[in-house]
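File shown here: my_file.cif, holding mmCIF, C-alpha atoms (C1' of nucleotides).
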```cif
data_upload
#
loop_
_atom_site.label_atom_id
_atom_site.label_comp_id
_atom_site.auth_asym_id
_atom_site.auth_seq_id
_atom_site.Cartn_x
_atom_site.Cartn_y
_atom_site.Cartn_z
CA MET A 1 0.00 0.00 0.00
CA ILE A 2 0.98 3.63 -0.46
CA CYS A 3 2.16 5.38 2.73
CA ALA A 4 2.52 8.80 1.16
CA ALA A 5 2.23 10.21 -2.33
CA SER A 6 4.02 13.08 -4.05
CA TYR A 7 1.90 15.91 -5.40
CA GLU A 8 2.65 14.67 -8.92
CA ALA A 9 1.26 11.23 -8.06
CA ARG A 10 -1.75 12.71 -6.29
CA ALA A 11 -2.76 14.31 -9.55
CA PHE A 12 -3.41 10.76 -10.78
CA GLY A 13 -5.55 9.86 -7.78
CA VAL A 14 -2.80 8.11 -5.86
CA ARG A 15 -2.81 8.93 -2.16
CA ALA A 16 -1.98 7.45 1.22
CA ALA A 17 -3.69 4.09 1.80
CA THR A 18 -4.17 3.40 -1.89
CA SER A 19 -3.12 -0.15 -2.64
CA VAL A 20 -0.07 -0.52 -4.87
CA HIS A 21 -2.17 -2.42 -7.37
CA VAL A 22 -4.71 0.37 -7.75
CA ALA A 23 -1.98 3.01 -7.69
CA ARG A 24 -0.14 1.41 -10.61
CA ALA A 25 -3.38 1.18 -12.56
CA ARG A 26 -4.09 4.86 -12.07
CA CYS A 27 -0.55 6.00 -12.68
CA PRO A 28 1.44 3.63 -14.91
CA ASN A 29 4.65 5.66 -14.60
CA LEU A 30 4.49 5.63 -10.82
CA ILE A 31 7.85 5.44 -9.09
CA LEU A 32 7.65 3.36 -5.91
CA ILE A 33 10.12 3.99 -3.13
CA PRO A 34 10.31 1.61 -0.15
CA PRO A 35 9.66 3.46 3.12
CA ARG A 36 12.52 4.14 5.56
CA HIS A 37 10.69 4.55 8.83
CA ASP A 38 13.81 4.76 10.95
CA ARG A 39 15.08 7.61 8.82
CA TYR A 40 11.75 9.43 9.15
CA SER A 41 11.86 9.05 12.92
CA ASP A 42 15.38 10.49 13.02
CA VAL A 43 14.44 13.49 10.89
CA SER A 44 11.26 13.98 12.87
CA ARG A 45 13.34 14.17 16.04
CA GLU A 46 15.57 16.81 14.44
CA VAL A 47 12.57 18.92 13.45
CA MET A 48 11.04 18.62 16.92
CA GLU A 49 14.34 19.73 18.42
CA VAL A 50 14.27 22.87 16.30
CA LEU A 51 10.68 23.54 17.36
CA GLY A 52 11.72 23.15 20.98
CA GLY A 53 13.91 26.20 20.49
CA TRP A 54 10.86 28.33 19.69
CA SER A 55 8.60 27.43 22.58
CA PRO A 56 8.85 25.53 25.83
CA ILE A 57 5.47 23.93 25.08
CA VAL A 58 5.53 21.71 21.99
CA GLU A 59 2.86 19.08 21.43
CA GLN A 60 3.94 16.50 18.89
CA VAL A 61 0.85 15.06 17.21
CA SER A 62 2.48 12.68 14.77
CA VAL A 63 5.76 12.11 13.01
CA ASP A 64 5.25 15.25 10.93
CA GLU A 65 2.97 17.53 12.92
CA ALA A 66 3.24 19.59 16.09
CA TYR A 67 1.62 22.48 17.93
CA LEU A 68 3.63 25.25 19.57
CA ASP A 69 2.24 27.49 22.29
CA LEU A 70 3.76 30.88 21.48
CA ASN A 71 1.97 32.78 24.24
CA GLY A 72 4.43 35.08 25.94
CA THR A 73 7.15 34.74 23.32
CA GLU A 74 6.26 37.95 21.47
CA GLN A 75 9.23 39.84 22.93
CA LEU A 76 11.50 37.11 21.68
CA HIS A 77 9.96 36.14 18.36
CA GLY A 78 7.75 39.05 17.38
CA SER A 79 4.40 38.55 15.67
CA LEU A 80 2.95 35.21 14.58
CA GLU A 81 4.11 35.98 11.04
CA ASP A 82 7.63 36.66 12.27
CA ALA A 83 7.70 33.47 14.31
CA GLY A 84 6.25 31.45 11.44
CA ARG A 85 8.88 32.75 9.02
CA GLY A 86 11.62 32.11 11.55
CA ILE A 87 10.49 28.57 12.29
CA ARG A 88 10.30 27.70 8.62
CA ALA A 89 13.78 29.05 8.00
CA ALA A 90 15.21 27.26 11.04
CA VAL A 91 13.76 23.89 10.05
CA LYS A 92 14.97 24.40 6.50
CA SER A 93 18.51 25.15 7.54
CA ALA A 94 18.67 22.34 10.10
CA THR A 95 17.12 19.60 7.96
CA GLY A 96 16.71 20.87 4.43
CA LEU A 97 12.96 20.31 4.70
CA THR A 98 10.23 22.72 3.78
CA ILE A 99 7.22 22.82 6.10
CA SER A 100 3.82 24.42 6.27
CA VAL A 101 2.95 26.62 9.22
CA GLY A 102 -0.37 27.92 10.46
CA GLY A 103 -0.66 30.62 13.10
CA ALA A 104 -3.81 31.48 15.02
CA SER A 105 -5.35 32.04 18.42
CA SER A 106 -6.31 28.37 18.84
CA LYS A 107 -5.06 24.92 17.91
CA LEU A 108 -8.16 24.37 15.82
CA VAL A 109 -7.68 27.39 13.56
CA ALA A 110 -3.89 27.04 13.48
CA LYS A 111 -4.25 23.49 12.15
CA ILE A 112 -6.70 24.50 9.47
CA ALA A 113 -4.46 27.43 8.56
CA ALA A 114 -1.44 25.14 8.26
CA GLY A 115 -3.37 23.02 5.78
CA ALA A 116 -4.62 26.00 3.81
CA GLU A 117 -1.46 26.47 1.78
CA LYS A 118 0.39 23.24 1.32
CA PRO A 119 3.12 22.51 0.66
CA ASN A 120 5.56 25.06 1.95
CA GLY A 121 3.06 27.67 3.13
CA LEU A 122 2.64 30.16 5.92
CA THR A 123 -0.88 31.24 6.86
CA VAL A 124 -1.74 33.43 9.81
CA VAL A 125 -5.33 34.09 10.87
CA ALA A 126 -5.60 37.31 12.84
CA PRO A 127 -7.36 37.02 16.21
CA GLY A 128 -10.96 38.11 15.82
CA SER A 129 -11.18 37.16 12.16
CA GLU A 130 -11.47 33.39 12.67
CA ALA A 131 -15.17 33.03 11.86
CA VAL A 132 -14.93 35.19 8.75
CA TRP A 133 -11.85 33.34 7.56
CA LEU A 134 -13.49 29.95 8.09
CA ALA A 135 -16.94 30.81 6.70
CA PRO A 136 -16.35 29.95 3.01
CA ARG A 137 -14.43 26.75 3.72
CA LYS A 138 -15.93 23.26 3.60
CA VAL A 139 -16.95 21.76 6.93
CA GLY A 140 -14.56 18.89 6.24
CA VAL A 141 -11.57 21.09 7.06
CA ILE A 142 -12.60 21.00 10.71
CA PRO A 143 -10.65 18.30 12.53
CA GLY A 144 -13.20 15.86 13.88
CA ILE A 145 -15.64 16.27 11.03
CA GLY A 146 -14.91 13.26 8.88
CA PRO A 147 -16.76 11.54 6.06
CA VAL A 148 -19.71 10.39 8.20
CA ALA A 149 -20.39 13.74 9.84
CA GLN A 150 -19.95 15.47 6.49
CA SER A 151 -22.58 13.37 4.84
CA VAL A 152 -25.02 13.99 7.69
CA LEU A 153 -24.36 17.72 7.40
CA ARG A 154 -24.83 17.57 3.65
CA GLU A 155 -28.33 16.19 4.20
CA LEU A 156 -29.02 19.30 6.23
CA ASP A 157 -27.68 21.47 3.39
CA ILE A 158 -24.73 22.45 5.52
CA LEU A 159 -21.66 22.56 3.32
CA THR A 160 -19.44 25.35 4.57
CA CYS A 161 -18.26 26.43 7.99
CA GLY A 162 -20.45 29.49 7.53
CA ASP A 163 -23.51 27.28 6.97
CA LEU A 164 -22.65 25.32 10.09
CA ALA A 165 -22.05 28.41 12.20
CA ASN A 166 -25.56 29.61 11.38
CA ALA A 167 -27.37 26.28 11.50
CA PRO A 168 -30.40 25.93 13.79
CA ASP A 169 -29.58 24.17 17.06
CA ASP A 170 -32.55 21.79 16.89
CA HIS A 171 -31.43 20.32 13.57
CA LEU A 172 -27.96 19.69 14.91
CA ILE A 173 -29.22 18.24 18.19
CA ARG A 174 -31.52 15.86 16.33
CA ARG A 175 -28.66 14.48 14.27
CA PHE A 176 -25.66 14.79 16.60
CA GLY A 177 -27.17 14.77 20.07
CA ASP A 178 -25.90 16.99 22.86
CA ARG A 179 -22.63 17.70 21.09
CA GLY A 180 -24.46 19.17 18.06
CA PRO A 181 -24.30 22.80 19.15
CA ASP A 182 -20.59 22.42 19.94
CA LEU A 183 -19.99 21.92 16.22
CA LYS A 184 -21.13 25.50 15.68
CA LEU A 185 -18.40 26.73 17.99
CA LEU A 186 -15.81 24.83 15.97
CA ALA A 187 -17.21 26.30 12.75
CA ARG A 188 -16.62 29.76 14.20
CA GLY A 189 -13.08 28.86 15.21
CA ILE A 190 -13.79 28.74 18.92
CA ASP A 191 -11.62 26.19 20.68
CA ASP A 192 -9.80 26.42 23.99
CA THR A 193 -7.95 23.11 24.12
CA PRO A 194 -4.47 23.81 25.43
CA VAL A 195 -1.22 22.80 23.76
CA ASP A 196 -0.43 19.67 25.75
CA ASP A 197 3.15 18.46 25.80
CA GLY A 198 2.62 15.73 28.39
CA GLY A 199 1.06 13.10 26.24
CA GLU A 200 1.38 9.62 27.71
CA ARG A 201 0.69 6.52 25.69
CA LYS A 202 -2.78 5.03 26.31
CA SER A 203 -2.58 1.84 24.30
CA LEU A 204 -0.19 -0.26 22.27
CA GLY A 205 -1.14 -2.91 19.74
CA ARG A 206 -0.49 -4.72 16.47
CA GLU A 207 -2.85 -5.97 13.84
CA MET A 208 -2.55 -7.54 10.43
CA THR A 209 -4.81 -7.91 7.46
CA LEU A 210 -4.52 -11.38 5.97
CA ASP A 211 -3.96 -12.18 2.32
CA ASP A 212 -6.70 -14.79 2.49
CA ASP A 213 -9.52 -15.08 5.00
CA ILE A 214 -8.59 -17.63 7.64
CA ALA A 215 -10.97 -19.80 9.64
CA ASP A 216 -8.59 -22.42 11.04
CA PRO A 217 -8.46 -21.76 14.82
CA GLU A 218 -4.92 -23.04 15.13
CA ALA A 219 -3.62 -20.83 12.34
CA LEU A 220 -5.34 -17.82 13.90
CA GLU A 221 -3.81 -18.68 17.25
CA THR A 222 -0.35 -18.83 15.75
CA LEU A 223 -0.79 -15.43 14.10
CA LEU A 224 -2.02 -14.09 17.41
CA LEU A 225 1.07 -15.38 19.18
CA GLY A 226 3.29 -13.54 16.71
CA LEU A 227 1.39 -10.31 17.30
CA VAL A 228 1.55 -10.75 21.06
CA GLU A 229 5.31 -11.30 20.87
CA GLU A 230 5.71 -7.98 19.06
CA VAL A 231 3.39 -6.11 21.39
CA SER A 232 4.99 -7.47 24.54
CA TYR A 233 8.46 -6.62 23.24
CA SER A 234 7.31 -3.06 22.57
CA LEU A 235 5.82 -2.84 26.06
CA ARG A 236 9.12 -3.96 27.60
CA SER A 237 11.10 -1.58 25.37
CA GLU A 238 8.98 1.31 26.63
CA GLY A 239 9.01 0.12 30.23
CA LEU A 240 5.25 -0.29 30.33
CA LEU A 241 2.89 -2.82 31.86
CA ALA A 242 -0.52 -3.54 30.42
CA ARG A 243 -3.61 -4.38 32.42
CA THR A 244 -6.15 -4.84 29.63
CA VAL A 245 -5.88 -7.05 26.55
CA THR A 246 -8.16 -6.54 23.54
CA LEU A 247 -8.63 -8.98 20.70
CA LYS A 248 -9.73 -7.57 17.37
CA LEU A 249 -11.12 -9.52 14.46
CA LYS A 250 -12.60 -8.45 11.17
CA ASP A 251 -14.79 -10.92 9.35
CA ALA A 252 -15.19 -11.46 5.62
CA GLU A 253 -17.95 -8.81 5.55
CA PHE A 254 -15.61 -6.23 7.09
CA GLN A 255 -17.53 -6.30 10.34
CA SER A 256 -15.09 -5.70 13.16
CA ILE A 257 -15.38 -7.43 16.49
CA THR A 258 -13.50 -6.52 19.66
CA ARG A 259 -13.36 -8.38 22.95
CA GLN A 260 -11.37 -7.30 25.96
CA VAL A 261 -10.36 -8.72 29.28
CA LYS A 262 -8.47 -7.51 32.32
CA LEU A 263 -5.39 -9.38 33.45
CA ALA A 264 -5.23 -10.46 37.08
CA GLN A 265 -1.94 -8.60 37.19
CA PRO A 266 -0.41 -6.05 34.80
CA SER A 267 2.14 -7.66 32.53
CA ASP A 268 4.69 -7.09 29.77
CA LEU A 269 5.29 -10.78 29.12
CA ALA A 270 4.08 -12.69 26.08
CA GLY A 271 2.83 -15.60 28.22
CA PRO A 272 0.01 -13.99 30.22
CA ILE A 273 -0.96 -11.62 27.40
CA PHE A 274 -1.17 -14.46 24.91
CA GLU A 275 -3.16 -16.63 27.30
CA ALA A 276 -5.71 -13.84 27.72
CA ALA A 277 -5.90 -13.13 23.98
CA ARG A 278 -6.10 -16.82 23.15
CA ALA A 279 -8.99 -17.34 25.55
CA LEU A 280 -10.84 -14.41 23.94
CA LEU A 281 -10.19 -15.86 20.50
CA GLU A 282 -11.50 -19.25 21.58
CA LYS A 283 -14.69 -17.70 22.93
CA THR A 284 -15.20 -15.36 19.99
CA ALA A 285 -14.11 -17.14 16.83
CA ARG A 286 -16.66 -19.80 16.06
CA GLY A 287 -15.25 -21.27 12.89
CA SER A 288 -15.99 -18.33 10.62
CA ALA A 289 -13.28 -16.87 8.46
CA TYR A 290 -11.46 -13.67 9.37
CA ARG A 291 -9.51 -11.23 7.30
CA LEU A 292 -7.90 -9.27 10.07
CA ILE A 293 -6.57 -10.20 13.46
CA GLY A 294 -5.09 -7.88 16.02
CA VAL A 295 -4.22 -7.53 19.65
CA SER A 296 -4.00 -4.35 21.63
CA THR A 297 -3.02 -3.59 25.20
CA SER A 298 -4.28 -0.69 27.29
CA ASP A 299 -4.63 0.45 30.89
CA LEU A 300 -0.90 1.04 30.72
CA GLY A 301 1.27 1.79 33.71
CA GLU A 302 4.89 2.37 34.47
CA ASP A 303 7.09 -0.61 35.05
CA GLU A 304 7.15 -1.33 38.76
CA GLN A 305 9.15 -3.99 40.49
CA LEU A 306 6.91 -6.52 38.90
CA ALA A 307 9.32 -9.40 39.23
CA LEU A 308 8.67 -9.35 42.97
CA PHE A 309 5.14 -10.58 42.33
CA ASP A 310 5.98 -13.19 39.71
CA GLY A 311 5.10 -16.78 40.39
CA ALA A 312 7.60 -19.48 39.52
CA ALA A 313 6.35 -19.90 35.95
CA GLN A 314 6.49 -16.18 35.28
CA ALA A 315 9.88 -15.82 36.88
CA ARG A 316 11.14 -18.42 34.44
CA GLU A 317 9.51 -16.66 31.49
CA ARG A 318 10.98 -13.37 32.61
CA THR A 319 14.48 -14.82 32.65
CA ILE A 320 14.12 -16.32 29.18
CA THR A 321 12.49 -13.16 27.86
CA ALA A 322 15.31 -11.00 29.19
CA ALA A 323 17.86 -13.16 27.35
CA ALA A 324 15.82 -13.03 24.14
CA ASP A 325 15.43 -9.23 24.42
CA THR A 326 19.20 -8.88 24.74
CA MET A 327 19.57 -10.72 21.45
CA ARG A 328 16.85 -8.63 19.82
CA ARG A 329 18.55 -5.41 20.86
CA LYS A 330 21.90 -6.63 19.59
CA TYR A 331 20.96 -8.38 16.36
CA GLY A 332 17.53 -6.98 15.50
CA GLU A 333 13.98 -7.84 16.45
CA ASP A 334 13.88 -10.86 14.14
CA ALA A 335 17.01 -12.40 15.61
CA ILE A 336 15.06 -14.77 17.83
CA THR A 337 11.56 -16.14 17.70
CA ARG A 338 9.40 -19.06 18.76
CA ALA A 339 9.54 -22.34 16.90
CA ARG A 340 5.78 -22.21 16.50
CA LEU A 341 6.07 -19.01 14.52
CA LEU A 342 8.51 -20.53 12.03
CA GLU A 343 6.14 -23.22 10.81
CA ASP A 344 3.93 -21.00 8.70
CA GLU A 345 6.69 -18.96 7.14
"C1'" DT B 1 -13.27 4.90 -1.94
"C1'" DC B 2 -13.21 -0.89 -2.21
"C1'" DT B 3 -11.33 -0.86 2.51
"C1'" DG B 4 -3.56 -0.38 6.03
"C1'" DG B 5 -1.91 0.08 10.57
"C1'" DG B 6 -0.91 2.89 14.31
"C1'" DG B 7 -3.47 5.35 17.53
"C1'" DT B 8 -7.28 8.59 20.47
"C1'" DC B 9 -11.68 9.72 21.87
"C1'" DC B 10 -16.68 9.37 22.37
"C1'" DT B 11 -21.09 7.08 23.14
"C1'" DA B 12 -24.55 3.85 24.52
"C1'" DG B 13 -26.08 0.24 27.29
"C1'" DG B 14 -25.85 -2.66 31.23
"C1'" DA B 15 -24.26 -3.89 35.90
"C1'" DC B 16 -23.86 -2.34 40.27
"C1'" DC B 17 -24.20 0.65 44.31
"C1'" DC B 18 -26.39 3.89 47.40
"C1'" DT C 1 -42.05 -7.07 46.68
"C1'" DC C 2 -41.43 -3.39 43.78
"C1'" DT C 3 -38.91 0.46 42.70
"C1'" DG C 4 -36.50 6.31 41.83
"C1'" DG C 5 -32.58 8.68 40.48
"C1'" DG C 6 -27.82 9.43 40.24
"C1'" DG C 7 -23.12 8.05 39.83
"C1'" DT C 8 -19.46 5.01 38.37
"C1'" DC C 9 -17.40 1.42 35.95
"C1'" DC C 10 -17.04 -1.74 32.23
"C1'" DT C 11 -17.60 -3.30 27.50
"C1'" DA C 12 -18.24 -2.98 22.54
"C1'" DG C 13 -18.51 -0.38 18.62
"C1'" DG C 14 -17.42 3.25 15.73
"C1'" DA C 15 -15.75 7.89 14.06
"C1'" DC C 16 -11.78 10.06 13.27
"C1'" DC C 17 -6.72 11.37 12.63
"C1'" DC C 18 -2.07 10.74 10.39
#
```
This entry written out as C-alpha cells:
Amino acid sequence: MICAASYEARAFGVRAATSVHVARARCPNLILIPPRHDRYSDVSREVMEVLGGWSPIVEQVSVDEAYLDLNGTEQLHGSLEDAGRGIRAAVKSATGLTISVGGASSKLVAKIAAGAEKPNGLTVVAPGSEAVWLAPRKVGVIPGIGPVAQSVLRELDILTCGDLANAPDDHLIRRFGDRGPDLKLLARGIDDTPVDDGGERKSLGREMTLDDDIADPEALETLLLGLVEEVSYSLRSEGLLARTVTLKLKDAEFQSITRQVKLAQPSDLAGPIFEAARALLEKTARGSAYRLIGVSTSDLGEDEQLALFDGAAQARERTITAAADTMRRKYGEDAITRARLLEDE
DNA sequence: TCTGGGGTCCTAGGACCC
DNA sequence: TCTGGGGTCCTAGGACCC
C-alpha cells in the first residue's frame, strides 16, 4: 500500500492508503520507493528539536505535525508571522525540509491554517477574524468532522463552515445529540484546548490484514502469538505494563469485532498476554473466516518492580524473555523467535 | 473509496451501588 | 415485593486522525 504520495502522483488519484495495485493502474509511470521509517523518525526528532527552540510547550501530534504554544514569546519572536517565518527558516537550515505553518489564536484554527497552503506555506489568521476566515471553507476542514459527519451535514444542506455556524440548534441536536451545538463553535473557530506536551501513551497494539480469509483456529492462534510477541516486546522496550488485553477480528464482511479482558496482574510478558488473547479468540471465533486479526493492550502503567510478584512460571519466562530481548537489541527484532512461529513462514 | 496500521476519543447500554 | 434517580465502571462499537 501507499504510505505517502508526491503531489505529482496525487494528480493521478494516488494517495496514502491506496493499494499498490490500484496506484499502478491509475498511474502507470508511478515510481515506488520503499519506506525508511527509521530515517523518518530520526528526521522527525531533528525537526522537533528545532521547534523546541521556539517554545517551551511543543505538542507532537504525529511524526510530521506539532503544535507550539507561542503565548508570551512575542518579545523574543515578534508577531505570529515573524515566528512562522523564523520557524520555517530554522527547520529548512537544520534539515533541508520545507514545512507548512499555520498561526492562530487556537489549535483548531492554526491546524486548518497550516493546511490551507500546502506545501511550503505560511498562513496566519488574525485574532478576531477566525469566523470570517473559516466561513467559506468546507466543513470537512474542521478536525473531527470526517466523512460520516460530512454526509449527515450535507443532508441538512450544511456545506461550509459558515452554513454550520448559522445552522439551527434543533437540527444539529436531532442528528448529533448533545454535542451538536458544539460543532457551531468549531465552525466559528472557537476552541480552547491547550497545547499539551505531556502526552502519555494510552494503548499499544499490532494488527494484520490477511492475504486470504482464515478460519482455522490453530492458524489464527499462531498469528495471534506472533502479534503478542511484538506487542509485549514493545511494552518492555517502553518500560510499560498492560492491564487490559483486547482482541480484534474483522470478518469477511468487514464487520469488526472486539473483545477485551483484564489481566489479574499487569504484565509485559508474552505468556500472560497471549493466554488472555487466546482465551478471547477461543470464545469469539466460532469457525468463521477472518480477514484481520489484532491484539492491543491498554490500561498502561509504568514498570514497577513486577518481578517481585511473579510466580515461579512467570519468573522463568521473565528470565528467558530478558535473554531473548538482549539478542533482539543486539541483532535486530527478528534475531530470535518461537519455533511455533517458524512453521507458517 | 473498495477498505492499512498505528493510535485517540466518544457514546450507549448494562451492571452495580447507594 | 417493587422500585426512583444518580453516579461510576465496564464493555463494545465506531468515528476520526495521520
Could you list, as a ChimeraX atom specification, every residue of chain A that has an atom within 7 Å of an atom of chain C, counting all atoms listed in the file? /A:62,144,146,258
Considering only C-alpha atoms (C1' of nucleotides), return as an MDAnalysis selection string whatever protein or nucleic-acid residues lie within 8 Å of Thr246 in chain A, sequence-local ones (same chain, fewer than 4 positions apart) excluded. chainID A and resid 258:261 277 295:298
What's around Lys250 in chain A at 6 Å? Count all atoms listed in the file, leave out sequence neighbours fewer than 6 positions away in its own chain, and write the answer as a PyMOL selection string. chain A and resi 256+290-292
Who sits within 10 Å of Leu68 in chain A, all atoms listed in the file, same chain under 5 positions skipped, as a list in words: Leu51, Gly52, Trp54, Ser55, Pro56, Ile57, Val58, Glu59, Gln60, Gly103, Lys107, Ala110, Val195, Asp196 and Asp197 of chain A
With all atoms listed in the file as the counted atoms, please give the residues lying no more than 9 Å from Lys118 in chain A, apart from itself and same-chain residues fewer than 4 positions off, as a PyMOL selection string. chain A and resi 99-101+114+122
Quote the spacing between CA of Leu227 in chain A and CA of Ala16 in chain A in Å to one decimal place.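 Going from CA of Leu227 in chain A over to CA of Ala16 in chain A covers 24.2 Å.
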List, as a list of chain:residue names, every residue that the PyMOL selection byres ((chain A and resi 181-185) around 6) selects in the file provided. A:Leu164, A:Ala165, A:Asp169, A:Arg179, A:Gly180, A:Leu186, A:Ala187, A:Arg188, A:Ile190
Could you model N, CA and C atoms for range 119-148 of chain A and present them as an mmCIF file, keeping the file's coordinate frame?
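Saved as selection00.cif:
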```cif
data_model
loop_
_atom_site.group_PDB
_atom_site.id
_atom_site.type_symbol
_atom_site.label_atom_id
_atom_site.label_comp_id
_atom_site.auth_asym_id
_atom_site.auth_seq_id
_atom_site.Cartn_x
_atom_site.Cartn_y
_atom_site.Cartn_z
ATOM 1 N N PRO A 119 2.056 22.591 -0.344
ATOM 2 C CA PRO A 119 3.120 22.510 0.660
ATOM 3 C C PRO A 119 3.818 23.858 0.823
ATOM 4 N N ASN A 120 4.630 23.931 1.859
ATOM 5 C CA ASN A 120 5.560 25.060 1.950
ATOM 6 C C ASN A 120 4.845 26.390 2.105
ATOM 7 N N GLY A 121 3.819 26.435 2.970
ATOM 8 C CA GLY A 121 3.060 27.670 3.130
ATOM 9 C C GLY A 121 3.150 28.249 4.524
ATOM 10 N N LEU A 122 2.751 29.501 4.627
ATOM 11 C CA LEU A 122 2.640 30.160 5.920
ATOM 12 C C LEU A 122 1.334 30.946 5.918
ATOM 13 N N THR A 123 0.418 30.572 6.806
ATOM 14 C CA THR A 123 -0.880 31.240 6.860
ATOM 15 C C THR A 123 -1.153 31.656 8.295
ATOM 16 N N VAL A 124 -1.419 32.935 8.476
ATOM 17 C CA VAL A 124 -1.740 33.430 9.810
ATOM 18 C C VAL A 124 -3.149 34.006 9.785
ATOM 19 N N VAL A 125 -3.966 33.577 10.750
ATOM 20 C CA VAL A 125 -5.330 34.090 10.870
ATOM 21 C C VAL A 125 -5.354 35.047 12.055
ATOM 22 N N ALA A 126 -5.640 36.293 11.784
ATOM 23 C CA ALA A 126 -5.600 37.310 12.840
ATOM 24 C C ALA A 126 -6.684 37.040 13.883
ATOM 25 N N PRO A 127 -6.354 37.192 15.157
ATOM 26 C CA PRO A 127 -7.360 37.020 16.210
ATOM 27 C C PRO A 127 -8.568 37.913 15.954
ATOM 28 N N GLY A 128 -9.737 37.358 16.067
ATOM 29 C CA GLY A 128 -10.960 38.110 15.820
ATOM 30 C C GLY A 128 -11.537 37.853 14.438
ATOM 31 N N SER A 129 -10.692 37.370 13.528
ATOM 32 C CA SER A 129 -11.180 37.160 12.160
ATOM 33 C C SER A 129 -11.416 35.682 11.851
ATOM 34 N N GLU A 130 -11.371 34.831 12.887
ATOM 35 C CA GLU A 130 -11.470 33.390 12.670
ATOM 36 C C GLU A 130 -12.742 32.987 11.921
ATOM 37 N N ALA A 131 -13.883 33.461 12.442
ATOM 38 C CA ALA A 131 -15.170 33.030 11.860
ATOM 39 C C ALA A 131 -15.284 33.455 10.405
ATOM 40 N N VAL A 132 -14.850 34.671 10.119
ATOM 41 C CA VAL A 132 -14.930 35.190 8.750
ATOM 42 C C VAL A 132 -14.008 34.395 7.825
ATOM 43 N N TRP A 133 -12.828 34.086 8.362
ATOM 44 C CA TRP A 133 -11.850 33.340 7.560
ATOM 45 C C TRP A 133 -12.347 31.924 7.263
ATOM 46 N N LEU A 134 -13.013 31.323 8.259
ATOM 47 C CA LEU A 134 -13.490 29.950 8.090
ATOM 48 C C LEU A 134 -14.742 29.860 7.219
ATOM 49 N N ALA A 135 -15.582 30.875 7.267
ATOM 50 C CA ALA A 135 -16.940 30.810 6.700
ATOM 51 C C ALA A 135 -17.026 30.163 5.303
ATOM 52 N N PRO A 136 -16.185 30.528 4.351
ATOM 53 C CA PRO A 136 -16.350 29.950 3.010
ATOM 54 C C PRO A 136 -15.779 28.546 2.856
ATOM 55 N N ARG A 137 -15.089 28.060 3.874
ATOM 56 C CA ARG A 137 -14.430 26.750 3.720
ATOM 57 C C ARG A 137 -15.377 25.588 4.011
ATOM 58 N N LYS A 138 -15.092 24.457 3.402
ATOM 59 C CA LYS A 138 -15.930 23.260 3.600
ATOM 60 C C LYS A 138 -15.846 22.773 5.036
ATOM 61 N N VAL A 139 -16.944 22.243 5.545
ATOM 62 C CA VAL A 139 -16.950 21.760 6.930
ATOM 63 C C VAL A 139 -15.891 20.671 7.169
ATOM 64 N N GLY A 140 -15.534 19.960 6.106
ATOM 65 C CA GLY A 140 -14.560 18.890 6.240
ATOM 66 C C GLY A 140 -13.182 19.338 6.686
ATOM 67 N N VAL A 141 -12.881 20.633 6.607
ATOM 68 C CA VAL A 141 -11.570 21.090 7.060
ATOM 69 C C VAL A 141 -11.482 21.077 8.588
ATOM 70 N N ILE A 142 -12.612 21.000 9.244
ATOM 71 C CA ILE A 142 -12.600 21.000 10.710
ATOM 72 C C ILE A 142 -12.167 19.635 11.220
ATOM 73 N N PRO A 143 -11.093 19.590 11.997
ATOM 74 C CA PRO A 143 -10.650 18.300 12.530
ATOM 75 C C PRO A 143 -11.757 17.711 13.395
ATOM 76 N N GLY A 144 -12.116 16.497 13.131
ATOM 77 C CA GLY A 144 -13.200 15.860 13.880
ATOM 78 C C GLY A 144 -14.445 15.691 13.044
ATOM 79 N N ILE A 145 -14.533 16.464 11.965
ATOM 80 C CA ILE A 145 -15.640 16.270 11.030
ATOM 81 C C ILE A 145 -15.125 15.474 9.846
ATOM 82 N N GLY A 146 -15.383 14.178 9.904
ATOM 83 C CA GLY A 146 -14.910 13.260 8.880
ATOM 84 C C GLY A 146 -16.004 12.952 7.874
ATOM 85 N N PRO A 147 -15.817 11.892 7.121
ATOM 86 C CA PRO A 147 -16.760 11.540 6.060
ATOM 87 C C PRO A 147 -18.192 11.340 6.564
ATOM 88 N N VAL A 148 -18.354 10.684 7.711
ATOM 89 C CA VAL A 148 -19.710 10.390 8.200
ATOM 90 C C VAL A 148 -20.429 11.674 8.601
#
```
